[in-house]
Structure formats: C-alpha cells, structure tokens
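Since the structure comes first, as structure tokens, the remarks are kept for the end.
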Amino acid sequence: LYVTRIWTIFEQWKAAQAGIPVRVIMPPEAHKSMLEQIEKGKEGIEQILEPIRKISSAKAKATVEADRERINDAIKNSNANHKVVDLKVKMALTRWVGSAVSAHMNGLIADRTDETVYKDTDRKIL
C-alpha cells in the first residue's frame with residue numbers, strides 16, 4: 001500500500017469524509033502476496049495491517065514539495081488535524097482489509113462447496 005504518499009492519504013481521507021467506500025486495486029503479484037498473508041491467519045493479517053498502523057499524514061511525502069505544503073494547509077484549514085486524518089484513513093483501509101479477508105473466505109467456501117448438496121433443494125446459493 002502506498003500509504004507514505006501524501007496524495008494517497010489525502011484522497012483516502014476525502015473519500016472517507018464523503019462516505020465513499022475504499023477499494024484498493026493491486027497488481028496481481030501484490031494481491032497474491034496479500035492472499036498468502038491472509039491464509040497465515042492472525043500473523044499474516046498483522047503483516048497486512050502494519051503499514052496501515054504507520055500512516056502519518058504529517059510525515060507523508062510528495063514528489064512536488066508544493067503539493068505536500070498545499071495538502072498540509074488544507075488539513076490545517078479543515079475541522080480536522082493530522083491525527084484525525086490518519087485515524088479516518090486507517091479505519092477506511094482496515095475496513096477494506098476486512099472486506100478482502102471476507103471475499104477470500106467466501107471464495108474458499110465457494111471453491112469447496114459440493115453443489116450437488118443443493119441439487120434437490122429450492123434454495124439458491126447467494
């Protein structure tokens with residue numbers, strides 16, 4: 001996750017403020033690595049959460065220094081501060097991790113479900 005970049009943090013904060021759910025798009029190799037961590041259980045999930053815990057909008061970097069200054073000014077001029085921004089982003093990304101874990105678990109269940117169990121029933125698999 002690119003959580004050391006001020007633009008990423010700022011955009012995530014604005015999405016959280018607007019109530020827009022976070023969806024992270026990852027390269028296939030990074031996605032595979034995340035799924036491997038999930039399959040390790042608590043230890044793996046801790047590894048996924050570690051960079052989220054370290055989010056710091058005050059220490060985040062930008063390629064263009066003027067961008068970093070403008071974003072910091074926008075944070076200071078809002079009704080929030082860096083700690084509030086960081087917490088909102090951490091919470092949003094943690095929800096996303098939770099949804100990724102849930103989606104992976106649902107996939108595992110679907111892969112291992114014997115569909116013949118449902119053959120003679122009126123129920124549908126959701």
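Chain lettering (A, B, ...) mirrors the order of the structure tokens, residue numbering begins at 1 for each chain separately, and ligand numbering begins at 1 in order of display.
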Discussion item. What's around region 101-107 of chain A at 10 Å? Count only C-alpha atoms, leave out sequence neighbours fewer than 2 positions away in its own chain, and write the answer as a count of residues only.
Written reply: 17
Practice prompt. Run DSSP on the backbone and give me the residues of region 25-117 of chain A it puts in helix (DSSP H, G or I), as a PyMOL selection string.
Written response: chain A and resi 28-39+42-53+65-76+82-112+115-117
Item to complete: Have a look at CA of Glu36 (chain A) and CA of Pro51 (chain A) and let me know their distance in Å, one decimal.
Response: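 Distance between the two atoms: 16.7 Å.
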Just want the 10 Å neighbourhood of region 8-19 of chain A, counted on only C-alpha atoms, with same-chain residues fewer than 3 positions away dropped. Output as a short mmCIF file (atom, residue, chain, number, x, y, z; two decimals) with N, CA and C atoms, in the first residue's frame.
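The resulting file, part36.cif, is reproduced below:
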data_model
loop_
_atom_site.label_atom_id
_atom_site.label_comp_id
_atom_site.auth_asym_id
_atom_site.auth_seq_id
_atom_site.Cartn_x
_atom_site.Cartn_y
_atom_site.Cartn_z
N LEU A 1 0.84 -1.18 0.00
CA LEU A 1 0.00 0.00 0.00
C LEU A 1 0.88 1.24 0.00
N TYR A 2 0.47 2.21 -0.78
CA TYR A 2 1.25 3.44 -0.91
C TYR A 2 0.82 4.45 0.15
N VAL A 3 0.99 4.09 1.40
CA VAL A 3 0.48 4.93 2.48
C VAL A 3 1.53 5.89 3.03
N THR A 4 2.63 6.05 2.33
CA THR A 4 3.62 7.04 2.73
C THR A 4 3.52 8.28 1.83
N ARG A 5 2.61 8.25 0.87
CA ARG A 5 2.45 9.35 -0.07
C ARG A 5 1.30 10.25 0.36
N VAL A 22 -13.76 2.60 0.23
CA VAL A 22 -12.42 2.47 -0.33
C VAL A 22 -12.30 1.14 -1.04
N ARG A 23 -11.75 1.18 -2.22
CA ARG A 23 -11.45 -0.04 -2.96
C ARG A 23 -10.02 0.09 -3.46
N ILE A 55 0.59 4.88 9.20
CA ILE A 55 0.18 6.03 8.40
C ILE A 55 0.38 7.32 9.19
N SER A 56 1.03 8.28 8.54
CA SER A 56 1.26 9.59 9.16
C SER A 56 1.18 10.66 8.07
N SER A 57 0.07 11.35 8.04
CA SER A 57 -0.07 12.42 7.05
C SER A 57 0.95 13.53 7.29
N ALA A 60 4.12 12.24 5.63
CA ALA A 60 3.98 11.73 4.26
C ALA A 60 4.73 12.62 3.27
N LYS A 61 5.13 12.01 2.18
CA LYS A 61 5.94 12.70 1.19
C LYS A 61 5.15 12.95 -0.10
N ALA A 62 5.66 13.88 -0.88
CA ALA A 62 5.12 14.16 -2.21
C ALA A 62 6.29 14.39 -3.15
N ARG A 68 2.73 18.88 -1.17
CA ARG A 68 2.72 18.48 0.23
C ARG A 68 2.30 19.67 1.11
N ILE A 71 -1.49 20.38 0.68
CA ILE A 71 -2.31 19.38 1.36
C ILE A 71 -2.25 19.58 2.87
N ASN A 72 -1.06 19.84 3.38
CA ASN A 72 -0.95 20.11 4.82
C ASN A 72 -1.76 21.34 5.21
N ALA A 74 -4.44 22.40 3.65
CA ALA A 74 -5.86 22.00 3.55
C ALA A 74 -6.28 21.26 4.81
N ILE A 75 -5.42 20.41 5.32
CA ILE A 75 -5.72 19.68 6.56
C ILE A 75 -5.83 20.66 7.72
N VAL A 84 -6.57 13.18 13.20
CA VAL A 84 -7.92 12.84 12.74
C VAL A 84 -7.86 12.25 11.32
N VAL A 85 -7.09 12.90 10.46
CA VAL A 85 -6.92 12.41 9.08
C VAL A 85 -6.36 10.99 9.12
N ASP A 86 -5.31 10.79 9.87
CA ASP A 86 -4.68 9.47 9.95
C ASP A 86 -5.65 8.41 10.45
N LEU A 87 -6.41 8.73 11.48
CA LEU A 87 -7.36 7.78 12.03
C LEU A 87 -8.44 7.42 11.01
N LYS A 88 -8.98 8.42 10.32
CA LYS A 88 -10.01 8.16 9.30
C LYS A 88 -9.48 7.25 8.20
N VAL A 89 -8.26 7.50 7.74
CA VAL A 89 -7.66 6.70 6.68
C VAL A 89 -7.37 5.28 7.18
N LYS A 90 -6.84 5.18 8.38
CA LYS A 90 -6.57 3.86 8.96
C LYS A 90 -7.85 3.04 9.07
N MET A 91 -8.92 3.67 9.53
CA MET A 91 -10.19 2.96 9.67
C MET A 91 -10.73 2.52 8.31
N ALA A 92 -10.65 3.39 7.32
CA ALA A 92 -11.14 3.05 5.98
C ALA A 92 -10.34 1.89 5.38
N LEU A 93 -9.03 1.95 5.50
CA LEU A 93 -8.20 0.88 4.95
C LEU A 93 -8.36 -0.42 5.73
#
